[in-house]
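J.: Below you'll find work-v8.tsv; it's TSV, C-alpha atoms.
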```
chain	number	residue	atom	x	y	z
A	1	MET	CA	-37.01	7.37	0.78
A	2	ARG	CA	-35.06	4.10	1.03
A	3	LYS	CA	-32.05	5.81	-0.54
A	4	PHE	CA	-32.25	8.63	1.98
A	5	HIS	CA	-32.32	6.10	4.81
A	6	ALA	CA	-29.29	4.33	3.32
A	7	LEU	CA	-27.42	7.65	3.21
A	8	MET	CA	-28.30	8.32	6.85
A	9	MET	CA	-27.02	4.84	7.77
A	10	ILE	CA	-23.70	5.63	6.12
A	11	VAL	CA	-23.44	8.87	8.10
A	12	ALA	CA	-24.30	7.01	11.32
A	13	ALA	CA	-21.69	4.35	10.54
A	14	MET	CA	-19.05	7.05	10.03
A	15	VAL	CA	-19.96	8.62	13.37
A	16	MET	CA	-19.86	5.28	15.20
A	17	LEU	CA	-16.59	4.22	13.59
A	18	THR	CA	-14.81	7.50	14.29
A	19	PRO	CA	-13.94	6.66	17.94
A	20	ALA	CA	-12.59	3.25	16.91
A	21	PHE	CA	-10.60	4.86	14.11
A	22	ALA	CA	-9.21	7.42	16.53
A	23	ARG	CA	-8.32	4.74	19.13
A	24	ALA	CA	-6.48	2.71	16.51
A	25	ALA	CA	-4.49	5.75	15.49
A	26	GLU	CA	-3.82	6.60	19.14
A	27	GLU	CA	-2.43	3.13	19.83
A	28	GLU	CA	0.07	3.50	16.98
A	29	ASP	CA	1.24	7.09	17.13
A	30	GLY	CA	-1.42	9.15	18.83
A	31	LEU	CA	-3.84	11.06	16.64
A	32	GLN	CA	-1.08	12.13	14.32
A	33	GLY	CA	-2.30	12.08	10.72
A	34	VAL	CA	-6.04	11.81	11.45
A	35	TYR	CA	-7.92	14.81	10.05
A	36	LEU	CA	-11.31	16.35	9.39
A	37	ARG	CA	-11.85	18.21	6.10
A	38	LEU	CA	-14.63	20.66	5.25
A	39	GLY	CA	-14.98	21.81	1.65
A	40	ALA	CA	-17.20	24.16	-0.36
A	41	GLY	CA	-17.04	24.47	-4.13
A	42	TYR	CA	-18.47	26.40	-7.07
A	43	THR	CA	-19.58	24.05	-9.85
A	44	PHE	CA	-19.43	24.55	-13.62
A	45	PRO	CA	-21.60	21.79	-15.16
A	46	ASP	CA	-20.77	20.24	-18.51
A	47	GLU	CA	-23.17	20.75	-21.41
A	48	VAL	CA	-24.63	17.24	-21.54
A	49	ASP	CA	-27.06	15.29	-23.70
A	50	GLY	CA	-30.38	14.52	-22.04
A	51	LYS	CA	-33.76	13.04	-22.80
A	52	ILE	CA	-37.12	13.49	-21.07
A	53	THR	CA	-40.12	11.34	-22.02
A	54	GLY	CA	-43.53	10.85	-20.46
A	55	LYS	CA	-47.33	10.75	-20.55
A	56	ASP	CA	-48.58	9.53	-23.89
A	57	THR	CA	-52.15	10.80	-24.35
A	58	ALA	CA	-54.52	10.92	-27.28
A	59	ALA	CA	-54.77	14.70	-27.04
A	60	PHE	CA	-51.17	15.61	-27.86
A	61	GLY	CA	-49.00	12.47	-27.91
A	62	ALA	CA	-46.04	11.71	-25.71
A	63	VAL	CA	-43.92	14.46	-24.25
A	64	ARG	CA	-40.43	13.92	-25.60
A	65	MET	CA	-37.38	16.15	-25.39
A	66	ASP	CA	-33.92	15.35	-26.74
A	67	ALA	CA	-31.69	18.28	-25.89
A	68	GLU	CA	-28.38	19.53	-24.64
A	69	LEU	CA	-28.98	20.30	-20.98
A	70	ASN	CA	-27.25	23.53	-20.02
A	71	PHE	CA	-27.37	23.34	-16.25
A	72	GLU	CA	-26.73	26.56	-14.39
A	73	ASP	CA	-23.66	26.92	-12.19
A	74	GLY	CA	-24.20	25.63	-8.67
A	75	TRP	CA	-22.63	24.86	-5.31
A	76	GLY	CA	-21.24	21.75	-3.68
A	77	LEU	CA	-20.23	20.71	-0.16
A	78	ASP	CA	-17.88	18.04	1.23
A	79	ILE	CA	-17.21	16.70	4.71
A	80	ALA	CA	-14.52	14.06	5.12
A	81	LEU	CA	-12.65	12.05	7.76
A	82	GLY	CA	-9.20	10.92	6.69
A	83	LYS	CA	-5.76	9.64	7.64
A	84	GLU	CA	-2.31	10.62	6.44
A	85	LEU	CA	-0.84	7.21	5.63
A	86	CYS	CA	2.71	8.48	5.08
A	87	PRO	CA	4.33	11.77	4.04
A	88	VAL	CA	3.21	11.17	0.43
A	89	PHE	CA	-0.23	9.53	0.62
A	90	ARG	CA	-3.46	10.15	2.51
A	91	ALA	CA	-6.93	8.61	2.24
A	92	GLU	CA	-10.39	9.74	3.31
A	93	LEU	CA	-14.07	8.87	3.32
A	94	ALA	CA	-16.16	11.87	2.28
A	95	LEU	CA	-19.82	12.74	1.99
A	96	MET	CA	-20.52	15.05	-0.96
A	97	TRP	CA	-23.54	17.10	-2.05
A	98	ASN	CA	-24.06	19.17	-5.20
A	99	GLU	CA	-27.06	20.92	-6.72
A	100	ASN	CA	-27.71	22.48	-10.15
A	101	GLU	CA	-30.77	23.79	-11.98
A	102	TRP	CA	-31.92	23.65	-15.60
A	103	HIS	CA	-34.78	25.28	-17.51
A	104	ASP	CA	-36.17	24.62	-21.00
A	105	THR	CA	-39.37	24.14	-23.00
A	106	ALA	CA	-40.78	21.36	-25.17
A	107	ALA	CA	-43.55	21.44	-27.77
A	108	PRO	CA	-45.78	18.33	-27.94
A	109	ARG	CA	-48.19	17.95	-30.82
A	110	PHE	CA	-50.25	20.83	-29.43
A	111	GLY	CA	-49.29	23.38	-26.81
A	112	VAL	CA	-46.04	24.07	-24.94
A	113	VAL	CA	-44.57	22.49	-21.81
A	114	ASP	CA	-42.17	24.52	-19.66
A	115	TYR	CA	-39.62	22.47	-17.65
A	116	GLU	CA	-37.75	23.53	-14.53
A	117	MET	CA	-35.46	20.86	-13.09
A	118	THR	CA	-33.37	20.84	-9.91
A	119	GLN	CA	-30.79	18.05	-9.91
A	120	ARG	CA	-28.97	16.92	-6.77
A	121	VAL	CA	-26.06	14.51	-6.45
A	122	ARG	CA	-25.12	13.27	-2.97
A	123	GLY	CA	-23.40	10.31	-1.40
A	124	PRO	CA	-20.13	8.80	-0.11
A	125	MET	CA	-16.80	9.07	-1.96
A	126	PHE	CA	-13.51	7.35	-1.14
A	127	ASN	CA	-10.59	9.63	-2.06
A	128	ILE	CA	-6.84	9.04	-2.31
A	129	TYR	CA	-4.30	11.91	-2.35
A	130	ALA	CA	-0.65	11.99	-3.42
A	131	GLN	CA	1.16	15.04	-2.09
A	132	LEU	CA	4.55	16.69	-2.16
A	133	SER	CA	5.06	17.48	1.49
A	134	SER	CA	6.83	20.65	2.50
A	135	LYS	CA	6.98	22.78	5.59
A	136	CYS	CA	4.00	24.99	4.73
A	137	LEU	CA	3.06	24.63	1.04
A	138	THR	CA	1.71	21.25	-0.11
A	139	PRO	CA	0.70	20.64	-3.75
A	140	TYR	CA	-1.19	17.41	-4.46
A	141	ILE	CA	-3.24	15.36	-6.90
A	142	MET	CA	-6.27	13.25	-5.99
A	143	ALA	CA	-8.72	10.65	-7.32
A	144	GLY	CA	-11.96	9.30	-5.90
A	145	VAL	CA	-14.70	6.75	-6.44
A	146	GLY	CA	-18.13	6.46	-4.84
A	147	TYR	CA	-21.74	5.34	-5.13
A	148	VAL	CA	-24.08	8.33	-5.13
A	149	ASP	CA	-27.77	9.14	-5.33
A	150	VAL	CA	-28.89	11.32	-8.24
A	151	ASP	CA	-32.35	12.82	-7.87
A	152	ALA	CA	-34.28	15.44	-9.78
A	153	ASP	CA	-37.33	17.54	-9.00
A	154	ILE	CA	-39.08	18.51	-12.23
A	155	GLU	CA	-41.78	21.15	-12.38
A	156	LEU	CA	-43.98	20.99	-15.48
A	157	LYS	CA	-46.09	23.94	-16.61
A	158	GLY	CA	-48.27	23.14	-19.60
A	159	VAL	CA	-49.62	25.99	-21.71
A	160	GLY	CA	-52.75	25.85	-23.88
A	161	PRO	CA	-53.92	22.33	-24.78
A	162	ALA	CA	-50.93	20.96	-22.85
A	163	ALA	CA	-52.17	22.50	-19.56
A	164	GLY	CA	-53.03	19.00	-18.33
A	165	LEU	CA	-49.30	18.24	-18.01
A	166	THR	CA	-48.83	20.73	-15.16
A	167	GLY	CA	-47.40	19.10	-12.05
A	168	ASP	CA	-44.32	18.19	-9.99
A	169	ILE	CA	-42.27	15.00	-10.42
A	170	THR	CA	-39.46	13.60	-8.23
A	171	ILE	CA	-37.22	10.88	-9.68
A	172	SER	CA	-33.95	9.30	-8.54
A	173	GLU	CA	-31.31	6.67	-9.30
A	174	ASP	CA	-28.10	5.37	-7.65
A	175	VAL	CA	-24.95	5.33	-9.81
A	176	TRP	CA	-21.17	5.00	-9.59
A	177	ALA	CA	-19.27	8.28	-9.45
A	178	PHE	CA	-15.65	9.22	-10.12
A	179	GLN	CA	-13.50	12.31	-9.68
A	180	VAL	CA	-9.95	13.53	-10.24
A	181	GLY	CA	-8.33	16.76	-9.16
A	182	ALA	CA	-5.31	18.76	-8.12
A	183	GLY	CA	-4.72	21.48	-5.58
A	184	VAL	CA	-2.46	23.15	-3.08
A	185	GLU	CA	-2.62	23.64	0.68
A	186	VAL	CA	-1.10	26.38	2.83
A	187	CYS	CA	-0.69	25.87	6.56
A	188	LEU	CA	-2.44	28.42	8.79
A	189	THR	CA	-1.23	26.81	12.01
A	190	GLU	CA	0.56	23.57	12.84
A	191	ASP	CA	-2.73	21.64	12.68
A	192	LEU	CA	-4.90	23.75	10.37
A	193	ALA	CA	-4.48	24.08	6.59
A	194	LEU	CA	-6.37	26.04	3.93
A	195	GLY	CA	-6.49	24.67	0.39
A	196	VAL	CA	-7.75	25.49	-3.10
A	197	GLU	CA	-8.53	22.62	-5.44
A	198	TYR	CA	-9.74	21.89	-8.98
A	199	ARG	CA	-11.89	18.79	-9.50
A	200	TYR	CA	-13.57	17.06	-12.42
A	201	PHE	CA	-16.52	14.87	-11.36
A	202	PHE	CA	-18.57	12.47	-13.50
A	203	THR	CA	-20.94	9.52	-13.05
A	204	ASP	CA	-22.37	6.61	-14.95
A	205	ASP	CA	-25.34	7.87	-16.98
A	206	PRO	CA	-28.42	7.56	-14.74
A	207	ILE	CA	-31.85	6.55	-16.04
A	208	MET	CA	-34.36	8.01	-13.60
A	209	ALA	CA	-38.02	7.00	-13.73
A	210	SER	CA	-41.14	8.03	-11.80
A	211	GLY	CA	-44.30	6.13	-11.00
A	212	SER	CA	-46.29	8.63	-13.04
A	213	GLY	CA	-44.65	7.52	-16.29
A	214	TYR	CA	-41.89	10.10	-16.74
A	215	GLU	CA	-38.30	9.12	-17.48
A	216	VAL	CA	-35.11	11.18	-17.59
A	217	ARG	CA	-31.89	9.94	-19.23
A	218	THR	CA	-28.91	12.24	-18.83
A	219	GLU	CA	-25.16	12.48	-18.54
A	220	ILE	CA	-23.63	14.05	-15.42
A	221	GLY	CA	-20.30	15.83	-15.24
A	222	TRP	CA	-18.90	19.06	-13.91
A	223	GLN	CA	-15.78	21.04	-13.13
A	224	GLN	CA	-15.46	22.47	-9.65
A	225	ILE	CA	-13.28	24.95	-7.82
A	226	MET	CA	-13.25	23.98	-4.15
A	227	VAL	CA	-11.93	25.65	-1.00
A	228	ASN	CA	-10.97	23.24	1.78
A	229	LEU	CA	-10.27	23.65	5.48
A	230	ARG	CA	-8.39	20.67	6.95
A	231	LEU	CA	-7.92	20.15	10.68
A	232	ARG	CA	-5.42	17.58	11.94
A	233	PHE	CA	-6.08	15.98	15.33
```
Can the structure from this file be put into structure tokens for me?
T.:
Amino acid sequence: MRKFHALMMIVAAMVMLTPAFARAAEEEDGLQGVYLRLGAGYTFPDEVDGKITGKDTAAFGAVRMDAELNFEDGWGLDIALGKELCPVFRAELALMWNENEWHDTAAPRFGVVDYEMTQRVRGPMFNIYAQLSSKCLTPYIMAGVGYVDVDADIELKGVGPAAGLTGDITISEDVWAFQVGAGVEVCLTEDLALGVEYRYFFTDDPIMASGSGYEVRTEIGWQQIMVNLRLRF
């Protein structure tokens, strides 16, 4: 809950700073170069190594799974406020969100445990772009860094003697995140551009723990094809 409140404070800070940012730009050269970007992307997660441990009981020992986590494809969203610094470079502060699901089973000493996990990554990213400006077609490369919240909802369904492990667990951790990408924009009007972009996103490996004794260690990384709509003020 504290992490959610921190995220909301960042959003509020962006909203409150936007008028000041706009006034500063207006004093220099009007609103030229200030923009709002909305993005939606389809995500192809990496096959990553993961580990789930929890609940050591006399009946069937500790649940332990070391596996390659094949997350299903998912969706991501971006909203960003930025400034074109010069014809070549622009910078932005973005809020990103991405969600993927994973399903597998584990076999403790007796019985079977079925896992269904929904993993979400969300938080602020600071992105820098280098672009080759032209009249209507603009190719570019980008890189970004941020501090994001990784959380997972895990649904356990024990079968047979492991039925006592049935339940829902929510765990989370804050980690550093990084991304690189390349894309191209086409102007629709003088102030509106449509772009297609490839990104590779990865984080520090989070270790997420719950109060009920479960722990998840995993790598996070994905490729993403994103469509952007960028409006210049």
J.: Considering only C-alpha atoms, return as an NGL selection string whatever protein or nucleic-acid residues lie within 10 Å of stretch 128-135 of chain A, sequence-local ones (same chain, fewer than 2 positions apart) excluded.
T.: :A and (82 or 84-93 or 125-126 or 137-145 or 180-187 or 190)
J.: Taking all atoms of stretch 170-177 of chain A that the file lists, what box with edges along x, y and z, padded by 5 Å per side, do you get, with centre and edge lengths in Å to one decimal, as lines of an AutoDock Vina configuration file?
T.:
```
center_x = -29.4
center_y = 9.3
center_z = -8.7
size_x = 30.2
size_y = 18.6
size_z = 12.2
```
J.: From the list A:Asn127, A:Thr218, A:Gln32, A:Asn228, which residue is nearest A:Glu197 when using only C-alpha atoms?
T.: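 Distance minimum relative to A:Glu197 lands on A:Asn228.
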J.: Find the residue from A:Glu173, A:Val227, A:Ala193, A:Trp222 that sits nearest to A:Asp73; use only C-alpha atoms when measuring.
T.: A:Trp222
J.: Looking at A:Asp168, A:Glu155, A:Glu219, A:Asp174, which one is nearest to A:Phe71, with distances taken over all atoms listed in the file?
T.: A:Glu219
J.: With all atoms listed in the file as the basis for distance, which of A:Glu101, A:Glu116, A:Asp191, A:Asp205 is at the shortest distance from A:Val148?
T.: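 Of all the options, A:Asp205 lies closest to A:Val148.
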J.: Select, counting all atoms listed in the file, all protein, DNA and RNA residues no farther than 7 Å from (-9.0, 14.5, 7.7) in file coordinates, and express the selection as a list in words.
T.: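 Within the cut-off we find Val34, Tyr35, Leu36, Arg37, Ala80, Leu81, Gly82, Lys83, Glu92, Arg230, Leu231 and Arg232 of chain A.
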J.: Could you tell me how far atom CA of A:Arg120 sits from atom CA of A:Ile220, in Å to one decimal place?
T.: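 Interatomic distance, atom CA of A:Ile220 to atom CA of A:Arg120: 10.6 Å.
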J.: Out of A:Tyr115, A:Asn100, A:Asp78, A:Gly195, which residue has the shortest atom-to-atom distance to A:Asp46 when counting only C-alpha atoms?
T.: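 Among A:Tyr115, A:Asn100, A:Asp78, A:Gly195, it is A:Asn100 that comes nearest to A:Asp46.
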J.: What does the structure give for the distance between atom CA of A:Ile79 and atom CA of A:Asp153, in Å to one decimal?
T.: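 Between atom CA of A:Ile79 and atom CA of A:Asp153 the gap is 24.4 Å.
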J.: Work out how far apart atom CA of A:Ile154 and atom CA of A:Tyr198 are and give it in Å to one decimal.
T.: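 Those two atoms sit 29.7 Å apart.
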J.: How would stretch 179-198 of chain A of the given structure read as a file with C-alpha atoms, as a short mmCIF file (atom, residue, chain, number, x, y, z; two decimals), in the first residue's frame?
T.:
```
data_model
loop_
_atom_site.label_atom_id
_atom_site.label_comp_id
_atom_site.auth_asym_id
_atom_site.auth_seq_id
_atom_site.Cartn_x
_atom_site.Cartn_y
_atom_site.Cartn_z
CA GLN A 179 15.19 0.13 -21.36
CA VAL A 180 16.58 0.77 -24.82
CA GLY A 181 14.76 1.04 -28.11
CA ALA A 182 14.45 2.40 -31.62
CA GLY A 183 11.54 3.59 -33.71
CA VAL A 184 10.16 5.92 -36.32
CA GLU A 185 7.53 8.65 -36.28
CA VAL A 186 5.32 9.92 -39.09
CA CYS A 187 3.61 13.29 -38.80
CA LEU A 188 -0.19 13.26 -39.07
CA THR A 189 -0.51 17.02 -38.66
CA GLU A 190 1.91 19.80 -37.74
CA ASP A 191 1.51 18.98 -34.02
CA LEU A 192 0.50 15.32 -34.01
CA ALA A 193 2.77 12.35 -34.80
CA LEU A 194 2.19 8.59 -34.91
CA GLY A 195 5.09 6.27 -34.14
CA VAL A 196 6.04 2.59 -34.01
CA GLU A 197 8.81 1.54 -31.66
CA TYR A 198 10.77 -1.53 -30.52
#
```
